[in-house]
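Let me begin by presenting the structure, written as structure tokens, before commenting on it.
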Amino acid sequence: MWEWIEPYAGWILALSIVTFVGTLVTIPILLVRMPEDYFVRERDERQSLSRLPPAVRIGVRILKNVLGLVLVLAGLAMSIPAIPGQGLLTILIGITLLDLPGKRRLELGIVRQKRVRKAVNWIRAKAGRNPLQLPQKEDSLGSDESRSEEDLPSG
């Protein structure tokens with residue numbers, strides 16, 4: 001049944017190792033470079049790309065989305081219990097690169113998980129960076145003020 005995979009086993013193993021090592025190096029760098037107010041500020045990515053010629057702007061968006069998709073898929077593979085890796089962090093970084101409707105809610109849903117939030121802020125602290133600020137969950141008054149990690153209740 002699995003005979004078809006045998007000729008590709010070496011390539012699959014090599015790709016798995018490269019992806020694993022690549023994410024171990026890349027994900028912490030990206031998390032440290034992420035602005036601490038990434039989740040609370042209003043931003044329009046199109047403004048940062050608006051200075052580029054249209055062909056380059058389209059190419060950048062395509063490459064960014066392809067890289068995001070690769071990272072999400074790698075993160076999903078690393079989330080399988082038998083496969084080591086930082087799956088949720090990789091998925092989070094992949095999602096930040098994708099152009100998706102509802103992306104902000106999805107990112108916040110991941111980063112608000114206690115394990116993920118602690119890992120992200122631990123990596124940032126090791127690099128001398130402040131913890132990520134997260135917006136409060138909307139309360140009954142509908143406010144959405146920002147708070148840092150220290151202000152958030154554990155749980």
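If you're wondering about the labels, chains in the structure tokens are A, B, ... by order shown, residues count from 1 in each chain, ligands from 1 in order shown.
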Step one, run DSSP on the backbone; step two, keep only residues of chain A assigned to alpha helix (DSSP H); then write them as number ranges by chain.
A: 9-33, 45-49, 54-78, 87-97, 103-111, 114-126
Show me, as a compact mmCIF listing (two decimals) with C-alpha atoms, in the first residue's frame, the residues that have an atom within 10 Å of Glu36 (chain A) when counting only C-alpha atoms, minus same-chain residues fewer than 3 positions from it.
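Wrote result-v9.txt, looks like this:
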```txt
# COMPACT_ATOMS: atom_id res chain seq x y z
CA LEU A 31 8.68 36.80 16.75
CA VAL A 32 11.43 39.07 18.07
CA ARG A 33 11.08 41.42 15.09
CA PHE A 39 -2.07 43.10 17.75
CA VAL A 40 -3.40 46.42 19.03
CA ARG A 41 -2.48 48.96 16.35
CA ASN A 121 6.88 36.31 25.24
CA ARG A 124 10.93 37.98 23.10
CA ARG A 129 12.08 42.75 23.79
CA ASN A 130 8.86 43.69 25.56
CA PRO A 131 5.96 41.20 25.61
CA LEU A 132 3.32 41.48 22.93
CA GLN A 133 0.40 43.73 23.78
CA LEU A 134 -2.98 42.11 23.26
CA SER A 148 0.47 43.97 27.94
```
Would you mind listing what lies within 10 Å of Leu88 (chain A) as a list in words, with only C-alpha atoms counted and same-chain residues fewer than 2 positions away left out?
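Returned residues: Val72, Ala74, Gly75, Leu76, Met78, Ser79, Gly85, Gln86, Thr90, Ile91, Leu92, Ile93, Gly94, Ile110, Val111, Gln113, Arg115 and Val116 of chain A.
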Which one of A:Gly59, A:Leu100, A:Asp37, A:Phe20 sits closest to Pro135 (chain A) if you count only C-alpha atoms?
A:Asp37
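CA of Leu49 (chain A) lies 12.6 Å from CA of Ile62 (chain A).
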Which residues are close to Arg61 (chain A), i.e. within 12 Å by only C-alpha atoms, leaving aside same-chain residues fewer than 2 positions away? Reply as JSON, numbers by chain.
{"A": [45, 46, 48, 49, 50, 52, 54, 55, 56, 57, 58, 59, 63, 64, 65, 66, 67, 68, 97, 98, 99]}
Selected residues written out, N, CA and C atoms, as a PDB file, in the first residue's frame:
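The result, stored in result24.pdb:
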```
ATOM      1  N   GLU A  45      -1.440  47.260   5.484  1.00  0.00           N
ATOM      2  CA  GLU A  45      -0.245  46.775   4.810  1.00  0.00           C
ATOM      3  C   GLU A  45      -0.095  47.359   3.416  1.00  0.00           C
ATOM      4  N   ARG A  46      -1.214  47.655   2.796  1.00  0.00           N
ATOM      5  CA  ARG A  46      -1.146  48.191   1.443  1.00  0.00           C
ATOM      6  C   ARG A  46      -0.386  49.509   1.392  1.00  0.00           C
ATOM      7  N   SER A  48       2.295  50.280   3.116  1.00  0.00           N
ATOM      8  CA  SER A  48       3.732  50.015   3.109  1.00  0.00           C
ATOM      9  C   SER A  48       4.210  49.517   1.755  1.00  0.00           C
ATOM     10  N   LEU A  49       3.333  48.884   0.994  1.00  0.00           N
ATOM     11  CA  LEU A  49       3.699  48.404  -0.333  1.00  0.00           C
ATOM     12  C   LEU A  49       3.382  49.422  -1.427  1.00  0.00           C
ATOM     13  N   SER A  50       2.697  50.495  -1.090  1.00  0.00           N
ATOM     14  CA  SER A  50       2.220  51.431  -2.115  1.00  0.00           C
ATOM     15  C   SER A  50       3.352  52.151  -2.841  1.00  0.00           C
ATOM     16  N   LEU A  52       5.963  50.758  -3.992  1.00  0.00           N
ATOM     17  CA  LEU A  52       6.545  49.850  -4.984  1.00  0.00           C
ATOM     18  C   LEU A  52       5.774  49.896  -6.299  1.00  0.00           C
ATOM     19  N   PRO A  54       3.585  48.501  -9.355  1.00  0.00           N
ATOM     20  CA  PRO A  54       2.499  47.506  -9.274  1.00  0.00           C
ATOM     21  C   PRO A  54       2.958  46.062  -9.482  1.00  0.00           C
ATOM     22  N   ALA A  55       3.837  45.819 -10.441  1.00  0.00           N
ATOM     23  CA  ALA A  55       4.281  44.440 -10.698  1.00  0.00           C
ATOM     24  C   ALA A  55       5.044  43.881  -9.501  1.00  0.00           C
ATOM     25  N   VAL A  56       5.885  44.703  -8.894  1.00  0.00           N
ATOM     26  CA  VAL A  56       6.648  44.262  -7.725  1.00  0.00           C
ATOM     27  C   VAL A  56       5.707  44.044  -6.545  1.00  0.00           C
ATOM     28  N   ARG A  57       4.739  44.949  -6.362  1.00  0.00           N
ATOM     29  CA  ARG A  57       3.773  44.845  -5.271  1.00  0.00           C
ATOM     30  C   ARG A  57       2.994  43.534  -5.372  1.00  0.00           C
ATOM     31  N   ILE A  58       2.557  43.187  -6.569  1.00  0.00           N
ATOM     32  CA  ILE A  58       1.815  41.930  -6.769  1.00  0.00           C
ATOM     33  C   ILE A  58       2.720  40.735  -6.486  1.00  0.00           C
ATOM     34  N   GLY A  59       3.959  40.812  -6.969  1.00  0.00           N
ATOM     35  CA  GLY A  59       4.906  39.723  -6.724  1.00  0.00           C
ATOM     36  C   GLY A  59       5.191  39.515  -5.251  1.00  0.00           C
ATOM     37  N   LEU A  63       4.397  36.123  -3.143  1.00  0.00           N
ATOM     38  CA  LEU A  63       5.443  35.420  -2.392  1.00  0.00           C
ATOM     39  C   LEU A  63       5.121  35.359  -0.899  1.00  0.00           C
ATOM     40  N   LYS A  64       4.618  36.449  -0.354  1.00  0.00           N
ATOM     41  CA  LYS A  64       4.264  36.498   1.059  1.00  0.00           C
ATOM     42  C   LYS A  64       3.177  35.473   1.379  1.00  0.00           C
ATOM     43  N   ASN A  65       2.173  35.372   0.512  1.00  0.00           N
ATOM     44  CA  ASN A  65       1.095  34.418   0.745  1.00  0.00           C
ATOM     45  C   ASN A  65       1.558  32.974   0.557  1.00  0.00           C
ATOM     46  N   VAL A  66       2.435  32.738  -0.408  1.00  0.00           N
ATOM     47  CA  VAL A  66       2.970  31.379  -0.599  1.00  0.00           C
ATOM     48  C   VAL A  66       3.791  30.973   0.622  1.00  0.00           C
ATOM     49  N   LEU A  67       4.652  31.877   1.104  1.00  0.00           N
ATOM     50  CA  LEU A  67       5.447  31.575   2.298  1.00  0.00           C
ATOM     51  C   LEU A  67       4.532  31.345   3.501  1.00  0.00           C
ATOM     52  N   GLY A  68       3.492  32.166   3.637  1.00  0.00           N
ATOM     53  CA  GLY A  68       2.539  31.987   4.729  1.00  0.00           C
ATOM     54  C   GLY A  68       1.869  30.634   4.680  1.00  0.00           C
ATOM     55  N   LEU A  97       1.352  36.230   7.650  1.00  0.00           N
ATOM     56  CA  LEU A  97       1.780  36.535   6.282  1.00  0.00           C
ATOM     57  C   LEU A  97       0.651  36.421   5.265  1.00  0.00           C
ATOM     58  N   LEU A  98      -0.404  35.702   5.598  1.00  0.00           N
ATOM     59  CA  LEU A  98      -1.489  35.472   4.650  1.00  0.00           C
ATOM     60  C   LEU A  98      -2.453  36.655   4.582  1.00  0.00           C
ATOM     61  N   ASP A  99      -3.041  36.840   3.427  1.00  0.00           N
ATOM     62  CA  ASP A  99      -4.118  37.812   3.248  1.00  0.00           C
ATOM     63  C   ASP A  99      -5.424  37.042   3.347  1.00  0.00           C
TER      64      ASP A  99
END
```
In chain A, what's strand (DSSP E or B) per DSSP? Answer as a list in words?
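Everything in chain A that counts as strand (DSSP E or B) is Leu134, Pro135, Ser146 and Arg147 of chain A.
Take CA of Ile95 (chain A) and CA of Leu69 (chain A): the distance between them is 7.7 Å.
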